[in-house]
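Peer 1: Below you will find the structure I want to go over with you.
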Amino acid sequence: MNAELIVAAFYFDGKSSRRHSVTLTVRDQIAVISGDIRRECAISDLRVSERFRNARRKVTFPDGAYLEILDAVTFDALLARTGFQDSFVVWMQQSWRGALAAFAMTTALLVIGYLYGLPAAANLAAKALPANVERMIGRETLAFLDKRMLSPSALPPSRQQALSSRFRTLVPPAEGMPPYEIVFRKSRIGPNAFALPSGHIVLTDELVHLVDNDDAIMAVLAHELGHLHERHLMRRLIQGSMIGAGATLLFGDVSSVIANIPTVMLDLKYSRDAEREADDYAIAMLKKNGISVSAMIRVFEALEKESGDHPPYLSSHPPASERIARIGGAT
Amino acid sequence: MVNPDDLLAATDFPDKIDRRKDVSGPEAFEFTGSGSEYFRIWIVNLLLTIVTLGIYSAWAKVRKTRYFYDNTVLAGASFDYHGTPMSILRGRIVAVAFFGAYNVAFMISDAAGFAALLLLGAAIPWLIWKSLQFKLYNSSYRGIRFGFGGTAGKVYQTYLVLPLLTLLSAYLLAPFTHQRIKKFQHDHSRYGGTPFSFHASVGSFYKAYLVAFLVALGGLVAIGVAFGGTFVAIIKAGGPKDAGPAAVGTIAIFLLVVYAWLFSLLPLFLTLIQNLIWNHTRLGDHHFASRMRAGKMAFIALTNMIGIVFTLGLFIPFAQIRSMRYRIKSMAILPSGSLDEFIAEAQESASSTGEAAADLLDFDLSL
């Protein structure tokens, strides 16, 4: 039979802060304390704290009294002899192999979540969102823009009417045409068109003048209808707030500025993906209605020329050359 | 004073352990946690929290807190944490439901939202109180639990009336309110049956705020003077576009320096306040001493931030250990007698308030 293992420890009784010097040993599944204090307790009633590199382990009795183990080596041997086993989580925390596996899995989960999980969840959430929430967000955004950046359109009403009614005659490429309303505005930020979750498609006078071709304007409107069909704005809002919440949890203690960086950076890919999807929708819509896709190329070329060598949304949109090539591939 | 070497030497001969009764020299707090060890706990906590969609965070919090408590040593004994994951999880579910209902109320109507806001304002002081009770009741040292008393009237005065008055005073009352909050927290804390007490005056808080304000202002003026000459040169050259890439570089460095300075102000301020608070807190007749240095604390905060940015967050656990080690190492207790003489409070009253309390306001996911 093995020699009895005797572990030196301090004992605190839970009633006073006085420290007692004791030894611990185990006989027949009973922990036996001797020294300043004599006490016995079934080991199944004791709680053993996790092993840390520099901290003394604690063995706690049901009544709050506890031992601080001084002789860690003998205590480990004693634990092994009583058949004590660390939980799986503790094993993972204590081995570098487990920690590296956890690191690899965390990274994989974050990447997969970013590429597939979050977009899928946002898609579901956007569809489940009551229509009046979307309407409210869209209407408030438009009101805000009207106050700050947009003014009433200077286009003759007949021209507005003509563009709207021509677009209304076009057949959508996919089932379930989203409800929409084309609104004309004069803009202080140059040629632009965008779709709001409320179904408002805002078309600026500057863009109408810039492309100056009705087929091209149909292409722009089709692209925006594509955004509406896919609920891109709502999806990106949801994705953005989820990434923001995650980044704040991770980095919020460090700096709120830093916590915002991932939100902005990670949104760019979602934004470019959305533009590609809307382009595909527009291409399909033009083809279905017998309009040449060269109309769309015209828009990108005009926008690229207009923005010059400093494209304002190079990163939020795919490069114009790529978008043009994509249309070329579709013809 | 108990010498750690004596303890180690005593390990093999437990009967000869030093037990001089009159401990009178200062006892420094020590922190024995290590970044690499805590990194492993952190990464496993992070993985399991993600996999369980946040539910594991309650278990993660217990693991993290136990690691920090077990590694905090005073006079040869460490602290212990007794919070259970289930009670933390329960508190979090209640809190999420609470704030969720508040957000939904605003979707229903403005009136419902406003009512929910009032309700939340009325509830938050109570939640803070219960969280303090939870935290202290679940902390122990040498087998004796801490505790927190207080009365509802005092809680609402401290956490509702005073903050509202501060808001109305254009924050001129902020140092006063800060002093009252700390006084409330420390005066109603106890270790076993021994109460803590708080002796920092309102004037000393105003002084700390004033010092922090003057230091902040002085730094900004100094940065302005240092860069002023270059900026004048850039403007004379006709703006940054004409002054060339060197000018753009100067502006970038200027912005970086200003950000670094503003970022350093929080640790500077926290250092002032932490020293002020602990140098004027007593436990029975025992005093505390806090000797944090603002420069060192700002250096730790800045280098931590740089480390976290360049490792995409992997440095976070190391950063937490670094600043925790410095903060704990800066503290000492100045005993007026033996630390062996504390007695636990009559167990029943302590546990009835402590166990009814819940950790409702702690959204720390232990990452």
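Following the order of the structure tokens, first chain is A, next is B, and so on, with residues numbered from 1 inside each chain and ligands from 1 in the order they appear.
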Counting only C-alpha atoms, which residues from chain A have an atom at most 7 Å from any atom of chain B, and could you show them as an MDAnalysis selection string?

Peer 2: chainID A and resid 8 12:19 21:22 54:55 64:66 70:71 93:94 99 102:103 106 250 254

Peer 1: Can you list, as a CSV table (one decimal) with N, CA and C atoms, in the first residue's frame, all residues belonging to range 274-351 of chain B that DSSP tags as helix (DSSP H, G or I)?

Peer 2:
chain,number,residue,atom,x,y,z
B,274,GLN,N,-8.9,57.1,-7.4
B,274,GLN,CA,-8.7,55.8,-6.7
B,274,GLN,C,-7.8,56.1,-5.5
B,275,ASN,N,-6.7,56.9,-5.7
B,275,ASN,CA,-5.9,57.2,-4.5
B,275,ASN,C,-6.7,58.0,-3.4
B,276,LEU,N,-7.4,58.9,-3.9
B,276,LEU,CA,-8.2,59.7,-3.0
B,276,LEU,C,-9.2,58.9,-2.1
B,277,ILE,N,-9.9,58.0,-2.8
B,277,ILE,CA,-10.9,57.1,-2.2
B,277,ILE,C,-10.2,56.2,-1.2
B,278,TRP,N,-9.2,55.5,-1.6
B,278,TRP,CA,-8.6,54.4,-0.7
B,278,TRP,C,-7.8,55.0,0.4
B,279,ASN,N,-7.2,56.1,0.2
B,279,ASN,CA,-6.4,56.7,1.2
B,279,ASN,C,-7.3,57.3,2.3
B,294,ALA,N,-0.1,58.3,-11.8
B,294,ALA,CA,-0.9,58.6,-13.0
B,294,ALA,C,-0.1,58.3,-14.3
B,295,GLY,N,1.1,58.7,-14.3
B,295,GLY,CA,1.9,58.5,-15.5
B,295,GLY,C,2.0,57.0,-15.9
B,296,LYS,N,2.3,56.2,-14.8
B,296,LYS,CA,2.4,54.8,-15.1
B,296,LYS,C,1.1,54.2,-15.6
B,297,MET,N,0.0,54.7,-15.0
B,297,MET,CA,-1.3,54.1,-15.3
B,297,MET,C,-1.7,54.5,-16.8
B,298,ALA,N,-1.3,55.8,-17.2
B,298,ALA,CA,-1.6,56.2,-18.5
B,298,ALA,C,-0.7,55.4,-19.5
B,299,PHE,N,0.5,55.2,-19.1
B,299,PHE,CA,1.4,54.4,-20.0
B,299,PHE,C,0.8,53.0,-20.2
B,300,ILE,N,0.4,52.4,-19.1
B,300,ILE,CA,-0.2,51.0,-19.3
B,300,ILE,C,-1.4,51.1,-20.2
B,301,ALA,N,-2.3,52.1,-20.0
B,301,ALA,CA,-3.5,52.2,-20.8
B,301,ALA,C,-3.2,52.4,-22.3
B,302,LEU,N,-2.2,53.3,-22.6
B,302,LEU,CA,-1.9,53.5,-24.0
B,302,LEU,C,-1.2,52.3,-24.6
B,303,THR,N,-0.2,51.7,-23.9
B,303,THR,CA,0.4,50.5,-24.6
B,303,THR,C,-0.6,49.4,-24.7
B,304,ASN,N,-1.5,49.3,-23.7
B,304,ASN,CA,-2.5,48.2,-23.9
B,304,ASN,C,-3.3,48.4,-25.1
B,305,MET,N,-3.7,49.7,-25.4
B,305,MET,CA,-4.6,50.0,-26.5
B,305,MET,C,-3.8,49.6,-27.8
B,306,ILE,N,-2.5,50.0,-27.9
B,306,ILE,CA,-1.7,49.8,-29.1
B,306,ILE,C,-1.6,48.2,-29.3
B,307,GLY,N,-1.4,47.5,-28.2
B,307,GLY,CA,-1.3,46.1,-28.2
B,307,GLY,C,-2.6,45.4,-28.8
B,308,ILE,N,-3.7,45.9,-28.3
B,308,ILE,CA,-5.0,45.4,-28.7
B,308,ILE,C,-5.3,45.6,-30.1
B,309,VAL,N,-4.9,46.9,-30.6
B,309,VAL,CA,-5.2,47.2,-32.0
B,309,VAL,C,-4.3,46.3,-32.9
B,310,PHE,N,-3.1,46.2,-32.6
B,310,PHE,CA,-2.2,45.4,-33.5
B,310,PHE,C,-2.3,43.9,-33.4
B,316,ILE,N,-6.2,41.5,-25.4
B,316,ILE,CA,-7.1,41.9,-24.4
B,316,ILE,C,-6.8,41.3,-23.0
B,317,PRO,N,-6.7,39.9,-23.0
B,317,PRO,CA,-6.5,39.3,-21.7
B,317,PRO,C,-5.2,39.7,-21.0
B,318,PHE,N,-4.2,39.9,-21.8
B,318,PHE,CA,-2.9,40.3,-21.3
B,318,PHE,C,-3.0,41.8,-20.7
B,319,ALA,N,-3.8,42.6,-21.5
B,319,ALA,CA,-4.0,44.0,-21.1
B,319,ALA,C,-4.7,44.0,-19.8
B,320,GLN,N,-5.7,43.2,-19.6
B,320,GLN,CA,-6.5,43.2,-18.4
B,320,GLN,C,-5.6,42.8,-17.2
B,321,ILE,N,-4.8,41.8,-17.4
B,321,ILE,CA,-3.9,41.4,-16.3
B,321,ILE,C,-2.9,42.5,-15.9
B,322,ARG,N,-2.4,43.1,-17.0
B,322,ARG,CA,-1.4,44.2,-16.7
B,322,ARG,C,-2.0,45.3,-15.8
B,323,SER,N,-3.1,45.8,-16.2
B,323,SER,CA,-3.7,46.9,-15.5
B,323,SER,C,-4.2,46.5,-14.1
B,324,MET,N,-4.7,45.2,-14.1
B,324,MET,CA,-5.2,44.7,-12.8
B,324,MET,C,-4.0,44.6,-11.8
B,325,ARG,N,-2.9,44.0,-12.3
B,325,ARG,CA,-1.7,43.8,-11.5
B,325,ARG,C,-1.2,45.2,-10.9
B,326,TYR,N,-1.2,46.2,-11.7
B,326,TYR,CA,-0.7,47.5,-11.2
B,326,TYR,C,-1.6,48.1,-10.2
B,327,ARG,N,-2.9,48.0,-10.5
B,327,ARG,CA,-3.9,48.6,-9.6
B,327,ARG,C,-3.9,47.9,-8.2
B,328,ILE,N,-3.7,46.5,-8.2
B,328,ILE,CA,-3.7,45.8,-7.0
B,328,ILE,C,-2.4,46.0,-6.2
B,329,LYS,N,-1.3,46.0,-7.0
B,329,LYS,CA,0.0,46.1,-6.3
B,329,LYS,C,0.1,47.5,-5.7
B,347,GLN,N,-24.6,35.0,10.7
B,347,GLN,CA,-24.7,34.5,9.3
B,347,GLN,C,-26.1,34.8,8.7
B,348,GLU,N,-27.1,34.7,9.5
B,348,GLU,CA,-28.5,34.7,9.0
B,348,GLU,C,-28.8,36.0,8.2
B,349,SER,N,-28.6,37.1,8.9
B,349,SER,CA,-29.0,38.4,8.3
B,349,SER,C,-28.1,38.6,7.1
B,350,ALA,N,-26.9,38.3,7.1
B,350,ALA,CA,-26.0,38.5,5.9
B,350,ALA,C,-26.5,37.8,4.7
B,351,SER,N,-26.8,36.5,4.9
B,351,SER,CA,-27.2,35.7,3.7
B,351,SER,C,-28.6,36.0,3.2

Peer 1: What is the distance between CA of Gly149 in chain B and CA of Thr281 in chain B, in Å to one decimal?

Peer 2: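 Rounded to one decimal, the two atoms are 16.7 Å apart.
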
Peer 1: Could you pull out the residues in range 106-315 of chain A that DSSP calls strand (DSSP E or B) from the backbone, as a PyMOL selection string?

Peer 2: chain A and resi 150-152+181-187+193-195+200-204

Peer 1: What is the CA of Gly100 in chain B-CA of Gly54 in chain B distance in Å, reported with one decimal?

Peer 2: 15.9 Å

Peer 1: Point out the residue among A:Gly226, A:Pro197, A:Pro119, A:Gly113 with the least atom-to-atom distance to Tyr281 in chain A, counting only C-alpha atoms.

Peer 2: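 Of A:Gly226, A:Pro197, A:Pro119, A:Gly113, the one nearest Tyr281 in chain A, counting only C-alpha atoms, is A:Gly226.
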
Peer 1: Restricting the calculation to only C-alpha atoms: of B:Ala115, B:Leu283, B:Val258, B:Leu164, which residue gets closest to His188 in chain B?

Peer 2: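 For His188 in chain B, the nearest of the given residues is B:Leu283.
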
Peer 1: Distance CA of His317 in chain A-CA of Phe194 in chain A, one decimal place?

Peer 2: 12.9 Å

Peer 1: Neighbours of range 170-180 of chain A within 10 Å (only C-alpha atoms; same-chain residues fewer than 6 positions away dropped), as a PyMOL selection string?

Peer 2: chain A and resi 195-201+218+222+224-231+281-291

Peer 1: Save out the residues we just selected, C-alpha atoms, as a short mmCIF file (atom, residue, chain, number, x, y, z; two decimals), in the first residue's frame.

Peer 2:
data_model
loop_
_atom_site.label_atom_id
_atom_site.label_comp_id
_atom_site.auth_asym_id
_atom_site.auth_seq_id
_atom_site.Cartn_x
_atom_site.Cartn_y
_atom_site.Cartn_z
CA ALA A 195 -33.75 53.42 -52.18
CA LEU A 196 -35.15 53.77 -48.65
CA PRO A 197 -36.77 50.91 -46.69
CA SER A 198 -40.13 52.69 -47.03
CA GLY A 199 -40.04 52.00 -50.78
CA HIS A 200 -39.08 55.55 -51.75
CA ILE A 201 -36.61 55.58 -54.64
CA MET A 218 -34.47 52.93 -66.25
CA ALA A 222 -34.04 48.99 -61.77
CA GLU A 224 -32.61 50.67 -56.83
CA LEU A 225 -35.66 48.41 -57.14
CA GLY A 226 -33.21 45.53 -56.74
CA HIS A 227 -32.09 47.01 -53.40
CA LEU A 228 -35.74 47.19 -52.33
CA HIS A 229 -36.46 43.65 -53.51
CA GLU A 230 -33.57 42.29 -51.46
CA ARG A 231 -34.28 44.62 -48.49
CA TYR A 281 -31.38 42.44 -60.57
CA ALA A 282 -31.13 45.46 -62.85
CA ILE A 283 -29.45 43.47 -65.64
CA ALA A 284 -32.19 40.84 -65.45
CA MET A 285 -34.89 43.52 -65.48
CA LEU A 286 -33.43 45.32 -68.49
CA LYS A 287 -33.12 42.08 -70.44
CA LYS A 288 -36.66 41.00 -69.61
CA ASN A 289 -37.95 44.28 -70.99
CA GLY A 290 -35.79 44.32 -74.09
CA ILE A 291 -33.62 47.25 -73.04
#

Peer 1: Set the distance at 9 Å and use only C-alpha atoms: which residues neighbour range 165-168 of chain B once local chain neighbours fewer than 6 positions away are removed? I'd like the list as a ChimeraX atom specification.

Peer 2: /B:174,176-177

Peer 1: Out of A:Val299, A:Val183, A:Ala154, A:Thr169, which residue has the shortest atom-to-atom distance to Val220 in chain A when counting only C-alpha atoms?

Peer 2: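 That would be A:Val299, the residue with the smallest distance to Val220 in chain A.
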